[in-house]
Every structure is written in structure tokens, then in C-alpha cells.
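Q: You'll find query.cif just under this line, and it carries mmCIF, C-alpha atoms.
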```
data_upload
loop_
_atom_site.label_atom_id
_atom_site.label_comp_id
_atom_site.auth_asym_id
_atom_site.auth_seq_id
_atom_site.Cartn_x
_atom_site.Cartn_y
_atom_site.Cartn_z
CA MET U 1079 33.27 46.85 -26.66
CA ASP U 1080 36.94 46.16 -27.17
CA PHE U 1081 37.78 42.49 -27.22
CA GLN U 1082 39.30 40.35 -29.91
CA LEU U 1083 36.88 38.18 -31.83
CA PRO U 1084 37.92 34.69 -32.99
CA ALA U 1085 38.45 34.13 -36.69
CA GLY U 1086 35.86 32.39 -38.84
CA LEU U 1087 32.71 33.74 -37.22
CA PRO U 1088 29.49 34.00 -39.23
CA PRO U 1089 27.95 37.45 -39.83
CA GLY U 1090 26.95 39.08 -36.57
CA ARG U 1091 27.09 42.21 -34.48
CA PHE U 1092 27.88 43.59 -31.05
CA VAL U 1093 24.98 44.14 -28.68
CA LYS U 1094 25.40 46.46 -25.73
CA HIS U 1095 23.94 44.47 -22.87
CA GLY U 1096 24.02 46.96 -20.01
CA ALA U 1097 27.73 47.48 -19.43
CA LEU U 1098 28.49 44.10 -20.99
CA PRO U 1099 29.57 43.78 -24.64
CA VAL U 1100 28.06 40.67 -26.22
CA TRP U 1101 28.54 39.43 -29.78
CA VAL U 1102 25.50 37.83 -31.43
CA SER U 1103 25.31 36.07 -34.81
CA ASP U 1104 22.68 37.19 -37.30
CA GLU U 1105 21.41 33.64 -37.87
CA PHE U 1106 21.82 30.14 -36.48
CA PRO U 1107 25.27 29.19 -37.87
CA GLU U 1108 25.12 26.33 -40.37
CA ASP U 1109 28.65 25.24 -39.42
CA ILE U 1110 28.10 25.46 -35.66
CA GLU U 1111 29.31 21.90 -35.01
CA GLN U 1112 32.67 22.69 -36.62
CA LEU U 1113 32.89 26.18 -35.14
CA TRP U 1114 31.96 25.24 -31.55
CA PRO U 1115 35.13 23.26 -30.65
CA ARG U 1116 37.35 26.04 -31.96
CA LEU U 1117 35.53 28.62 -29.85
CA LEU U 1118 35.89 26.46 -26.75
CA GLU U 1119 39.59 25.84 -27.32
CA ASP U 1120 40.41 29.52 -27.90
CA ARG U 1121 40.39 30.80 -24.32
CA THR U 1122 42.78 33.70 -24.98
CA ASN U 1123 39.95 36.15 -25.63
CA GLY U 1124 37.92 35.35 -22.49
CA LEU U 1125 34.75 34.60 -24.48
CA PHE U 1126 32.37 31.74 -23.81
CA PRO U 1127 29.98 30.56 -26.56
CA VAL U 1128 26.34 29.80 -25.82
CA LEU U 1129 23.29 29.30 -27.99
CA SER U 1130 20.47 31.58 -26.93
CA TRP U 1131 17.43 33.42 -28.13
CA PRO U 1132 18.10 37.17 -28.43
CA SER U 1133 14.90 37.68 -26.43
CA ALA U 1134 16.35 35.59 -23.59
CA MET U 1135 18.73 38.36 -22.59
CA GLY U 1136 17.59 40.54 -19.71
CA ARG U 1137 19.48 42.68 -17.22
CA SER U 1138 22.91 41.35 -16.27
CA PHE U 1139 22.89 39.77 -12.83
CA ASP U 1140 25.40 41.03 -10.26
CA LEU U 1141 27.99 38.26 -9.83
CA ASP U 1142 28.57 39.34 -6.23
CA ARG U 1143 25.06 38.10 -5.45
CA ILE U 1144 26.06 34.63 -6.60
CA GLY U 1145 29.13 34.63 -4.39
CA ALA U 1146 26.95 35.64 -1.45
CA VAL U 1147 24.78 32.50 -1.74
CA ARG U 1148 25.63 30.07 1.07
CA LEU U 1149 24.74 27.06 -1.04
CA GLU U 1150 24.76 24.39 1.67
CA GLU U 1151 22.65 26.48 4.03
CA VAL U 1152 20.15 27.45 1.34
CA LEU U 1153 19.75 23.89 0.07
CA ALA U 1154 19.38 22.50 3.60
CA ALA U 1155 16.57 24.96 4.35
CA ASP U 1156 14.95 24.42 0.96
CA PHE U 1157 15.00 20.63 1.37
CA ALA U 1158 13.39 20.86 4.81
CA GLU U 1159 10.53 22.90 3.35
CA TYR U 1160 10.27 20.74 0.22
CA ARG U 1161 10.11 17.56 2.32
CA ARG U 1162 7.47 19.06 4.61
CA ARG U 1163 5.24 19.80 1.62
CA ARG U 1164 5.80 16.56 -0.28
CA LEU U 1165 6.02 13.97 2.49
CA PRO U 1166 2.26 13.26 2.52
CA PHE U 1167 2.44 12.33 -1.18
CA TRP U 1168 5.61 10.26 -0.76
CA SER U 1169 4.04 8.36 2.16
CA ASP U 1170 0.76 7.55 0.39
CA PRO U 1171 1.05 5.05 -2.49
CA THR U 1172 -2.58 5.63 -3.57
CA PRO U 1173 -2.50 6.65 -7.25
CA ALA U 1174 -3.56 10.20 -7.96
CA PRO U 1175 -6.83 10.46 -9.94
CA VAL U 1176 -6.32 10.81 -13.70
CA PRO U 1177 -8.74 11.16 -16.64
CA GLU U 1178 -10.26 7.98 -18.07
CA GLY U 1179 -7.95 6.18 -20.46
CA ILE U 1180 -4.80 7.71 -18.94
CA GLU U 1181 -2.31 5.50 -17.15
CA PRO U 1182 -2.02 6.37 -13.44
CA TRP U 1183 1.12 8.25 -12.53
CA PRO U 1184 3.76 6.09 -10.88
CA HIS U 1185 4.11 6.48 -7.14
CA ASP U 1186 7.07 8.63 -6.12
CA PRO U 1187 8.62 7.58 -2.80
CA GLY U 1188 10.77 10.73 -2.84
CA PRO U 1189 14.43 11.11 -1.90
CA PRO U 1190 15.80 8.62 0.66
CA TYR U 1191 16.77 11.34 3.14
CA GLU U 1192 15.19 12.82 6.22
CA ARG U 1193 17.72 15.66 6.34
CA TRP U 1194 19.81 17.47 3.76
CA PRO U 1195 22.69 15.05 2.97
CA GLY U 1196 25.16 17.69 1.82
CA LEU U 1197 26.44 18.28 -1.70
CA ALA U 1198 27.23 15.28 -3.87
CA PRO U 1199 30.96 14.48 -4.07
CA SER U 1200 33.11 15.85 -6.88
CA MET U 1201 34.11 13.53 -9.68
CA PRO U 1202 37.88 13.43 -10.32
CA VAL U 1203 39.55 14.37 -13.59
CA THR U 1204 40.89 11.23 -15.27
CA SER U 1205 43.32 10.86 -18.14
CA GLY U 1206 40.87 8.95 -20.33
CA GLY U 1207 37.76 10.95 -19.49
CA LEU U 1208 35.96 13.64 -21.47
CA THR U 1209 37.21 17.18 -21.17
CA PRO U 1210 34.56 19.86 -20.53
CA GLU U 1211 35.13 21.08 -24.08
CA GLU U 1212 34.57 17.60 -25.56
CA ALA U 1213 31.44 17.10 -23.48
CA SER U 1214 30.10 20.49 -24.60
CA SER U 1215 30.63 19.66 -28.28
CA ARG U 1216 28.98 16.27 -27.79
CA THR U 1217 25.91 17.84 -26.16
CA LEU U 1218 25.63 20.43 -28.92
CA ALA U 1219 25.74 17.69 -31.57
CA SER U 1220 23.10 15.71 -29.67
CA LEU U 1221 20.74 18.70 -29.52
CA ILE U 1222 21.12 19.28 -33.25
CA ARG U 1223 20.53 15.61 -34.12
CA ALA U 1224 17.41 15.60 -31.94
CA GLY U 1225 16.11 18.74 -33.66
CA ARG U 1226 15.14 20.25 -30.32
CA PHE U 1227 12.17 22.60 -30.61
CA GLY U 1228 13.31 26.22 -30.59
CA LEU U 1229 16.99 25.40 -31.07
CA TYR U 1230 17.24 26.82 -34.59
CA ASP U 1231 15.80 30.12 -33.38
CA CYS U 1232 18.92 30.48 -31.26
CA ARG U 1233 21.88 32.64 -32.17
CA LEU U 1234 25.52 32.03 -31.37
CA THR U 1235 26.34 34.39 -28.52
CA LEU U 1236 29.85 35.14 -27.26
CA VAL U 1237 29.91 36.34 -23.69
CA PRO U 1238 33.00 37.76 -21.95
CA ALA U 1239 33.25 35.87 -18.66
CA SER U 1240 35.89 34.55 -16.29
CA ARG U 1241 34.04 31.22 -16.03
CA GLY U 1242 31.45 29.56 -18.22
CA SER U 1243 28.96 28.98 -15.42
CA ASP U 1244 28.45 32.76 -15.14
CA VAL U 1245 27.06 33.08 -18.67
CA VAL U 1246 23.47 32.67 -17.46
CA ALA U 1247 23.90 35.48 -14.93
CA LEU U 1248 25.74 37.81 -17.30
CA LEU U 1249 23.03 37.44 -19.93
CA GLY U 1250 20.37 38.04 -17.28
CA TRP U 1251 18.43 35.06 -18.59
CA SER U 1252 14.76 35.99 -18.42
CA ALA U 1253 13.13 32.80 -17.15
CA GLU U 1254 11.25 31.85 -14.00
CA ALA U 1255 14.37 30.26 -12.51
CA PRO U 1256 15.66 31.54 -9.14
CA LEU U 1257 18.80 33.05 -10.66
CA PRO U 1258 20.94 33.47 -7.51
CA LEU U 1259 20.47 29.82 -6.52
CA LEU U 1260 20.69 28.47 -10.08
CA CYS U 1261 23.90 30.37 -10.82
CA ALA U 1262 25.45 29.23 -7.54
CA LEU U 1263 24.55 25.64 -8.44
CA LEU U 1264 26.06 26.06 -11.92
CA ARG U 1265 29.32 27.30 -10.42
CA SER U 1266 29.40 24.36 -8.05
CA TRP U 1267 28.56 21.86 -10.80
CA GLU U 1268 31.25 23.38 -13.00
CA ASP U 1269 33.81 22.71 -10.26
CA ARG U 1270 32.55 19.24 -9.32
CA TYR U 1271 31.46 17.83 -12.70
CA GLY U 1272 32.99 19.94 -15.46
CA VAL U 1273 29.60 21.42 -16.42
CA ARG U 1274 29.36 23.90 -19.30
CA VAL U 1275 26.31 25.92 -20.34
CA VAL U 1276 25.46 25.02 -23.96
CA ALA U 1277 22.04 26.49 -24.71
CA LEU U 1278 19.38 28.60 -23.04
CA TYR U 1279 16.21 29.56 -24.82
CA GLY U 1280 12.67 30.19 -23.74
CA SER U 1281 12.63 28.75 -20.24
CA GLU U 1282 14.93 25.83 -21.09
CA LEU U 1283 18.56 25.36 -20.10
CA TRP U 1284 20.93 22.66 -21.39
CA VAL U 1285 24.34 21.96 -19.90
CA SER U 1286 27.04 19.43 -20.75
CA VAL U 1287 28.67 17.28 -18.09
CA ALA U 1288 32.25 16.03 -18.46
CA ARG U 1289 32.42 14.01 -15.24
CA PRO U 1290 28.96 12.69 -14.29
CA PRO U 1291 28.48 10.57 -11.17
CA VAL U 1292 29.11 6.85 -11.59
CA ALA U 1293 27.81 5.64 -8.20
CA ALA U 1294 24.09 5.40 -7.44
CA ALA U 1295 24.56 6.91 -3.97
CA HIS U 1296 26.19 10.01 -5.46
CA ALA U 1297 23.54 10.28 -8.19
CA ASN U 1298 20.83 10.26 -5.50
CA ILE U 1299 22.31 13.33 -3.84
CA LEU U 1300 22.88 15.08 -7.15
CA ALA U 1301 19.27 14.38 -8.15
CA LEU U 1302 18.17 16.16 -4.99
CA GLU U 1303 20.27 19.18 -5.99
CA HIS U 1304 18.43 19.14 -9.34
CA VAL U 1305 15.07 18.98 -7.55
CA LEU U 1306 15.99 21.95 -5.37
CA SER U 1307 16.85 24.02 -8.44
CA THR U 1308 13.00 24.27 -8.65
CA ALA U 1309 13.01 23.29 -12.35
CA ASP U 1310 9.58 21.97 -13.35
CA ASN U 1311 10.86 19.05 -15.43
CA ILE U 1312 12.73 17.43 -12.54
CA VAL U 1313 10.46 14.56 -11.32
CA ASP U 1314 7.29 16.66 -11.81
CA ASP U 1315 6.77 17.05 -15.57
CA PRO U 1316 6.43 14.36 -16.68
CA PRO U 1317 5.79 12.70 -13.30
CA THR U 1318 8.92 10.67 -12.57
CA PRO U 1319 9.69 8.77 -9.36
CA PHE U 1320 12.75 10.25 -7.70
CA PRO U 1321 14.69 6.92 -7.78
CA ASP U 1322 14.15 6.68 -11.54
CA TYR U 1323 15.35 10.23 -12.14
CA ALA U 1324 18.42 9.68 -9.96
CA ALA U 1325 19.31 6.41 -11.68
CA ALA U 1326 19.23 8.14 -15.07
CA LEU U 1327 21.93 10.60 -13.94
CA VAL U 1328 24.58 7.87 -13.63
CA GLY U 1329 26.99 8.45 -16.51
CA ARG U 1330 24.74 11.01 -18.18
CA THR U 1331 26.70 13.76 -19.98
CA ASP U 1332 23.93 16.32 -20.46
CA TRP U 1333 21.31 17.76 -18.14
CA SER U 1334 18.29 19.85 -19.01
CA PHE U 1335 16.11 22.13 -16.92
CA TRP U 1336 13.04 24.17 -17.68
CA TRP U 1337 10.76 26.45 -15.73
CA ASP U 1338 7.14 27.00 -16.65
#
```
What does this structure look like when you write it as C-alpha cells?
A:
Amino acid sequence: MDFQLPAGLPPGRFVKHGALPVWVSDEFPEDIEQLWPRLLEDRTNGLFPVLSWPSAMGRSFDLDRIGAVRLEEVLAADFAEYRRRRLPFWSDPTPAPVPEGIEPWPHDPGPPYERWPGLAPSMPVTSGGLTPEEASSRTLASLIRAGRFGLYDCRLTLVPASRGSDVVALLGWSAEAPLPLLCALLRSWEDRYGVRVVALYGSELWVSVARPPVAAAHANILALEHVLSTADNIVDDPPTPFPDYAAALVGRTDWSFWWD
């Protein structure tokens, strides 16, 4: 467990997580909004901060399994199966039956594709845009202001990793998510959009986004990637027409996912 800890940490301890040394705070840090940017800027120690429940940590996931995921091929096959199952609902505008007094769910026409369109294009780094570190701090502040349920049960966790998108795998997050696919998507989103993992607790994952899509056509494809992550909150809970979900991704600097 030999790595150099940053200065100014709250009380905490090392936890032996398989072969991985992880540092975990004893409580939710009161000064987390001031501490977070400093932790992100100090990359000399190879540690990435994340807010997580101690109970969220399972067995570390082999990073080689992420590298073995052929993302385009997997998503193409998954979309073909997803479309086969959902096409009858997309094609029938008849409202689904709901209990008396409940507004009918809006009709979802589904994605505007018959075949997998390929990954959404990368967004370029611009001189005036957010850095991934700035976007991460902004998302953290937004979660705190919103008082997200379960957030204050989290602990600051420092994970030794070569890239922030691998934090979920290294912690062995114990949710219903398909970890190989999710972690491959996180790596790809990190490269294309400057994504950083901010919080994971229960079955909920929050990431910040430094370079979100600005064109509707690109957001449509990205929304399909979100759908194929299998997260239950993407278009299904609450019921959200695919075009509405995609439109909301334009310029959005945080994404959330949860699995039931």
C-alpha cells in the first residue's frame, strides 16, 4: 500500500481491496467542494477521487477484459436485438394502459436508425471549453446542491488508476450493470467527451462531461449508446421518448445511470 497521499485529506484509512490499495475517508468530507479540485489537479500520485459507498466495492475487475471488448461489434449486435424487441412498441402509437387518474405515457418512436450507426463523433478540445477537471468539480457541486439521496452516505475514495474511467472496474462496483460493456463505454466516452466518474453508490453512477455534443444528430447517436448501456433510467424509467432524451444531451455536462 505504498503510494503518496495528497496533503489536506480528512481522517481516513487504507482498505486492502484485493491486490489494490484504496484510501477511504471515515466520513463524507465537509470541505469536499474545496478538496475535490486539488485532488484532480494533483496527478503526480496516480490517484483518482470518486465518491462511493464502502459497500459498493466488490472484486476488482480485470482491466484486460475491458480491452478485449470490441465495442462497435458488441453495440451493433446489441442494437439489432434491442430493435427487434422494441420495434412493435415503436411502431404502435396506441397508449399503453395505465391506472385511472394517471396520465398515459408518451409514445416513444425509438431511435431513427434501422442499423447501428456507429459511435458518435468525438468533440474537440477548445481553448475556451471546460477541462475535464472543471466539469468534474461542477458536477460534484451540482449533486451537493441537489441533495441527491444517498450522496452523504458516500465516502471520498482515492483509487490508483492510469485513467479515471477505470475506477468503476477497479472498485468492482457491485451493481446490476454489465461491467465489461459499461467500462468499455466509459473509456470511450473519456476519450471522446472528457468524461470523469464522480460518484457511484447503490446502483447509481454519475459522470461529468467536459465536451458534450452540440449537434442534434450527434446527440441522437450518443443517446443510443446510453440506451445500450442497459441502464434502467435511460428512456424507460421514467418513460421518456427517445427523441426527448437525445435532445436533452445537447450541451449537458453530467450524465447519470442506474440499474434496478
Q: Which is closer to Val1287 in chain U than all the others in U:Arg1216, U:His1304, U:Arg1223, U:Lys1094, using all atoms listed in the file?
A: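 Once distances to Val1287 in chain U are computed over all atoms listed in the file, the minimum belongs to U:Arg1216.
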Q: Run the PyMOL selection byres ((chain U and resi 1235-1249) around 7) on the file and write out the hits as an MDAnalysis selection string.
A: chainID U and resid 1100:1103 1124:1130 1135:1139 1233:1234 1250:1251 1261 1264:1265 1268 1274:1275
Q: Please determine, counting only C-alpha atoms, which residue among U:Ile1222, U:Ile1180, U:Ala1198, U:Ala1174 has the shortest atom-to-atom distance to Asp1109 in chain U.
A: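 Of all the options, U:Ile1222 lies closest to Asp1109 in chain U.
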Q: Can you tell me, as a list in words, what residues are no more than 9 Å from Glu1254 in chain U when counting only C-alpha atoms, ignoring any on the same chain fewer than 3 positions away?
A: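 My list of contacting residues is Leu1257, Ser1281, Ala1309, Trp1336, Trp1337 and Asp1338 of chain U.
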Q: Grab the residues selected above and save them as a CSV table (one decimal), in the coordinates of the input with C-alpha atoms.
A:
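The resulting out-v9.csv:
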```csv
chain,number,residue,atom,x,y,z
U,1257,LEU,CA,18.8,33.0,-10.7
U,1281,SER,CA,12.6,28.8,-20.2
U,1309,ALA,CA,13.0,23.3,-12.4
U,1336,TRP,CA,13.0,24.2,-17.7
U,1337,TRP,CA,10.8,26.4,-15.7
U,1338,ASP,CA,7.1,27.0,-16.6
```
Q: Quick one, how far is CA of Asn1298 in chain U from CA of Pro1171 in chain U?
A: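 So the answer is 20.7 Å.
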Q: To one decimal place in Å, what is the distance between CA of Pro1187 in chain U and CA of Phe1320 in chain U?
A: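 Going from CA of Pro1187 in chain U over to CA of Phe1320 in chain U, I get 6.9 Å.
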Q: Rank U:Pro1321, U:Gly1272, U:Pro1107, U:Gly1329 by their smallest atom-to-atom distance to Glu1212 in chain U, using only C-alpha atoms, and report the top residue only.
A: U:Gly1272
Q: Using all atoms listed in the file, which residue out of U:Trp1183, U:Trp1194, U:Phe1092, U:Trp1168 lies closest to Ile1299 in chain U?
A: U:Trp1194
Q: So that I can check the surroundings of Tyr1323 in chain U, please list as an MDAnalysis selection string every protein, DNA and RNA residue that reaches within 10 Å of it, counting all atoms listed in the file and ignoring chain neighbours fewer than 6 positions away.
A: chainID U and resid 1297:1298 1301:1302 1304:1305 1312:1313 1317
Q: Determine, counting all atoms listed in the file, every residue of protein, DNA or RNA that lies within 12 Å of (34.9, 25.7, -30.8) in the file coordinates, then give the result as an NGL selection string.
A: :U and (1084-1087 or 1109-1121 or 1125-1128 or 1210-1216 or 1218 or 1234 or 1236 or 1276)
Q: Please indicate the distance in Å from CA of Gln1082 in chain U to CA of Glu1108 in chain U, rounded to one decimal place.
A: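 Atom-to-atom, CA of Gln1082 in chain U to CA of Glu1108 in chain U, that is 22.5 Å.
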Q: Report, as lines of an AutoDock Vina configuration file, the axis-aligned box around all atoms of range 1080-1088 of chain U present in the file, extended by 5 Å on each side; give centre and edge lengths in Å to one decimal place.
A:
```
center_x = 34.4
center_y = 39.3
center_z = -33.2
size_x = 19.8
size_y = 23.8
size_z = 22.1
```
Q: Between U:Leu1306, U:Ala1288, U:Leu1283, U:Ala1293, which residue has the minimum interatomic distance to Phe1157 in chain U, considering only C-alpha atoms?
A: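 The answer is U:Leu1306, which sits nearest to Phe1157 in chain U.
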Q: Pick the closest to Arg1270 in chain U from U:Leu1197, U:Leu1221, U:Leu1208, U:Ala1326: which is it, counting all atoms listed in the file?
A: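 Between U:Leu1197, U:Leu1221, U:Leu1208, U:Ala1326, the residue approaching Arg1270 in chain U most closely is U:Leu1197.
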Q: Quick one: range 1261-1274 of chain U from the block, all heavy atoms, as a PDB file, in the first residue's frame.
A:
```pdb
ATOM      1  N   CYS U1261     -17.665  -0.414 -18.714  1.00  0.00           N
ATOM      2  CA  CYS U1261     -16.311   0.124 -18.560  1.00  0.00           C
ATOM      3  C   CYS U1261     -15.689   0.443 -19.914  1.00  0.00           C
ATOM      4  O   CYS U1261     -14.927   1.415 -20.031  1.00  0.00           O
ATOM      5  CB  CYS U1261     -15.452  -0.859 -17.773  1.00  0.00           C
ATOM      6  SG  CYS U1261     -15.982  -1.046 -16.046  1.00  0.00           S
ATOM      7  N   ALA U1262     -16.005  -0.343 -20.933  1.00  0.00           N
ATOM      8  CA  ALA U1262     -15.529  -0.025 -22.279  1.00  0.00           C
ATOM      9  C   ALA U1262     -16.160   1.270 -22.776  1.00  0.00           C
ATOM     10  O   ALA U1262     -15.501   2.102 -23.415  1.00  0.00           O
ATOM     11  CB  ALA U1262     -15.826  -1.175 -23.233  1.00  0.00           C
ATOM     12  N   LEU U1263     -17.449   1.464 -22.490  1.00  0.00           N
ATOM     13  CA  LEU U1263     -18.112   2.715 -22.857  1.00  0.00           C
ATOM     14  C   LEU U1263     -17.494   3.892 -22.119  1.00  0.00           C
ATOM     15  O   LEU U1263     -17.255   4.956 -22.701  1.00  0.00           O
ATOM     16  CB  LEU U1263     -19.602   2.632 -22.546  1.00  0.00           C
ATOM     17  CG  LEU U1263     -20.470   1.851 -23.537  1.00  0.00           C
ATOM     18  CD1 LEU U1263     -21.856   1.595 -22.945  1.00  0.00           C
ATOM     19  CD2 LEU U1263     -20.596   2.600 -24.863  1.00  0.00           C
ATOM     20  N   LEU U1264     -17.219   3.732 -20.826  1.00  0.00           N
ATOM     21  CA  LEU U1264     -16.621   4.824 -20.057  1.00  0.00           C
ATOM     22  C   LEU U1264     -15.259   5.219 -20.617  1.00  0.00           C
ATOM     23  O   LEU U1264     -14.941   6.410 -20.710  1.00  0.00           O
ATOM     24  CB  LEU U1264     -16.500   4.423 -18.584  1.00  0.00           C
ATOM     25  CG  LEU U1264     -17.805   4.373 -17.791  1.00  0.00           C
ATOM     26  CD1 LEU U1264     -17.574   3.742 -16.418  1.00  0.00           C
ATOM     27  CD2 LEU U1264     -18.404   5.758 -17.639  1.00  0.00           C
ATOM     28  N   ARG U1265     -14.465   4.247 -20.999  1.00  0.00           N
ATOM     29  CA  ARG U1265     -13.171   4.562 -21.623  1.00  0.00           C
ATOM     30  C   ARG U1265     -13.372   5.355 -22.911  1.00  0.00           C
ATOM     31  O   ARG U1265     -12.677   6.344 -23.162  1.00  0.00           O
ATOM     32  CB  ARG U1265     -12.396   3.283 -21.924  1.00  0.00           C
ATOM     33  CG  ARG U1265     -11.702   2.660 -20.730  1.00  0.00           C
ATOM     34  CD  ARG U1265     -10.854   1.471 -21.169  1.00  0.00           C
ATOM     35  NE  ARG U1265     -10.049   0.938 -20.077  1.00  0.00           N
ATOM     36  CZ  ARG U1265      -9.158  -0.043 -20.209  1.00  0.00           C
ATOM     37  NH1 ARG U1265      -8.980  -0.611 -21.415  1.00  0.00           N
ATOM     38  NH2 ARG U1265      -8.469  -0.458 -19.169  1.00  0.00           N
ATOM     39  N   SER U1266     -14.318   4.912 -23.713  1.00  0.00           N
ATOM     40  CA  SER U1266     -14.570   5.580 -24.986  1.00  0.00           C
ATOM     41  C   SER U1266     -15.115   6.987 -24.765  1.00  0.00           C
ATOM     42  O   SER U1266     -14.717   7.947 -25.444  1.00  0.00           O
ATOM     43  CB  SER U1266     -15.548   4.747 -25.820  1.00  0.00           C
ATOM     44  OG  SER U1266     -15.779   5.331 -27.076  1.00  0.00           O
ATOM     45  N   TRP U1267     -16.023   7.142 -23.802  1.00  0.00           N
ATOM     46  CA  TRP U1267     -16.564   8.471 -23.509  1.00  0.00           C
ATOM     47  C   TRP U1267     -15.492   9.372 -22.912  1.00  0.00           C
ATOM     48  O   TRP U1267     -15.504  10.578 -23.152  1.00  0.00           O
ATOM     49  CB  TRP U1267     -17.745   8.348 -22.549  1.00  0.00           C
ATOM     50  CG  TRP U1267     -18.945   7.667 -23.144  1.00  0.00           C
ATOM     51  CD1 TRP U1267     -19.275   7.569 -24.476  1.00  0.00           C
ATOM     52  CD2 TRP U1267     -19.995   6.990 -22.436  1.00  0.00           C
ATOM     53  NE1 TRP U1267     -20.439   6.872 -24.637  1.00  0.00           N
ATOM     54  CE2 TRP U1267     -20.914   6.505 -23.411  1.00  0.00           C
ATOM     55  CE3 TRP U1267     -20.250   6.747 -21.091  1.00  0.00           C
ATOM     56  CZ2 TRP U1267     -22.056   5.787 -23.050  1.00  0.00           C
ATOM     57  CZ3 TRP U1267     -21.387   6.038 -20.736  1.00  0.00           C
ATOM     58  CH2 TRP U1267     -22.280   5.566 -21.711  1.00  0.00           C
ATOM     59  N   GLU U1268     -14.596   8.824 -22.141  1.00  0.00           N
ATOM     60  CA  GLU U1268     -13.485   9.630 -21.614  1.00  0.00           C
ATOM     61  C   GLU U1268     -12.673  10.213 -22.763  1.00  0.00           C
ATOM     62  O   GLU U1268     -12.315  11.401 -22.752  1.00  0.00           O
ATOM     63  CB  GLU U1268     -12.594   8.768 -20.715  1.00  0.00           C
ATOM     64  CG  GLU U1268     -11.403   9.522 -20.134  1.00  0.00           C
ATOM     65  CD  GLU U1268     -10.527   8.631 -19.270  1.00  0.00           C
ATOM     66  OE1 GLU U1268     -10.379   7.420 -19.590  1.00  0.00           O
ATOM     67  OE2 GLU U1268      -9.986   9.139 -18.275  1.00  0.00           O
ATOM     68  N   ASP U1269     -12.386   9.389 -23.767  1.00  0.00           N
ATOM     69  CA  ASP U1269     -11.599   9.847 -24.915  1.00  0.00           C
ATOM     70  C   ASP U1269     -12.372  10.845 -25.768  1.00  0.00           C
ATOM     71  O   ASP U1269     -11.811  11.845 -26.230  1.00  0.00           O
ATOM     72  CB  ASP U1269     -11.196   8.655 -25.784  1.00  0.00           C
ATOM     73  CG  ASP U1269     -10.226   7.716 -25.079  1.00  0.00           C
ATOM     74  OD1 ASP U1269      -9.561   8.154 -24.121  1.00  0.00           O
ATOM     75  OD2 ASP U1269     -10.151   6.539 -25.491  1.00  0.00           O
ATOM     76  N   ARG U1270     -13.656  10.583 -25.996  1.00  0.00           N
ATOM     77  CA  ARG U1270     -14.430  11.404 -26.935  1.00  0.00           C
ATOM     78  C   ARG U1270     -15.031  12.658 -26.308  1.00  0.00           C
ATOM     79  O   ARG U1270     -15.197  13.669 -26.991  1.00  0.00           O
ATOM     80  CB  ARG U1270     -15.551  10.568 -27.563  1.00  0.00           C
ATOM     81  CG  ARG U1270     -15.066   9.560 -28.597  1.00  0.00           C
ATOM     82  CD  ARG U1270     -16.232   8.796 -29.204  1.00  0.00           C
ATOM     83  NE  ARG U1270     -16.774   7.788 -28.301  1.00  0.00           N
ATOM     84  CZ  ARG U1270     -18.041   7.394 -28.283  1.00  0.00           C
ATOM     85  NH1 ARG U1270     -18.921   7.963 -29.101  1.00  0.00           N
ATOM     86  NH2 ARG U1270     -18.446   6.454 -27.455  1.00  0.00           N
ATOM     87  N   TYR U1271     -15.351  12.595 -24.990  1.00  0.00           N
ATOM     88  CA  TYR U1271     -16.093  13.688 -24.375  1.00  0.00           C
ATOM     89  C   TYR U1271     -15.487  14.215 -23.079  1.00  0.00           C
ATOM     90  O   TYR U1271     -16.079  15.081 -22.440  1.00  0.00           O
ATOM     91  CB  TYR U1271     -17.541  13.244 -24.092  1.00  0.00           C
ATOM     92  CG  TYR U1271     -18.256  12.766 -25.328  1.00  0.00           C
ATOM     93  CD1 TYR U1271     -18.590  11.430 -25.503  1.00  0.00           C
ATOM     94  CD2 TYR U1271     -18.589  13.657 -26.343  1.00  0.00           C
ATOM     95  CE1 TYR U1271     -19.231  10.988 -26.639  1.00  0.00           C
ATOM     96  CE2 TYR U1271     -19.237  13.225 -27.490  1.00  0.00           C
ATOM     97  CZ  TYR U1271     -19.556  11.895 -27.628  1.00  0.00           C
ATOM     98  OH  TYR U1271     -20.185  11.466 -28.779  1.00  0.00           O
ATOM     99  N   GLY U1272     -14.325  13.724 -22.694  1.00  0.00           N
ATOM    100  CA  GLY U1272     -13.728  14.189 -21.449  1.00  0.00           C
ATOM    101  C   GLY U1272     -14.524  13.791 -20.222  1.00  0.00           C
ATOM    102  O   GLY U1272     -14.621  14.545 -19.248  1.00  0.00           O
ATOM    103  N   VAL U1273     -15.107  12.587 -20.240  1.00  0.00           N
ATOM    104  CA  VAL U1273     -15.918  12.102 -19.122  1.00  0.00           C
ATOM    105  C   VAL U1273     -15.028  11.747 -17.929  1.00  0.00           C
ATOM    106  O   VAL U1273     -13.925  11.224 -18.098  1.00  0.00           O
ATOM    107  CB  VAL U1273     -16.744  10.879 -19.570  1.00  0.00           C
ATOM    108  CG1 VAL U1273     -17.205  10.046 -18.381  1.00  0.00           C
ATOM    109  CG2 VAL U1273     -17.947  11.328 -20.396  1.00  0.00           C
ATOM    110  N   ARG U1274     -15.524  12.035 -16.728  1.00  0.00           N
ATOM    111  CA  ARG U1274     -14.888  11.615 -15.484  1.00  0.00           C
ATOM    112  C   ARG U1274     -15.950  11.011 -14.569  1.00  0.00           C
ATOM    113  O   ARG U1274     -17.056  11.548 -14.450  1.00  0.00           O
ATOM    114  CB  ARG U1274     -14.232  12.785 -14.766  1.00  0.00           C
ATOM    115  CG  ARG U1274     -13.038  13.394 -15.471  1.00  0.00           C
ATOM    116  CD  ARG U1274     -11.824  12.476 -15.424  1.00  0.00           C
ATOM    117  NE  ARG U1274     -10.651  13.110 -15.999  1.00  0.00           N
ATOM    118  CZ  ARG U1274     -10.314  13.088 -17.290  1.00  0.00           C
ATOM    119  NH1 ARG U1274     -11.107  12.457 -18.154  1.00  0.00           N
ATOM    120  NH2 ARG U1274      -9.228  13.681 -17.715  1.00  0.00           N
TER     121      ARG U1274
END
```
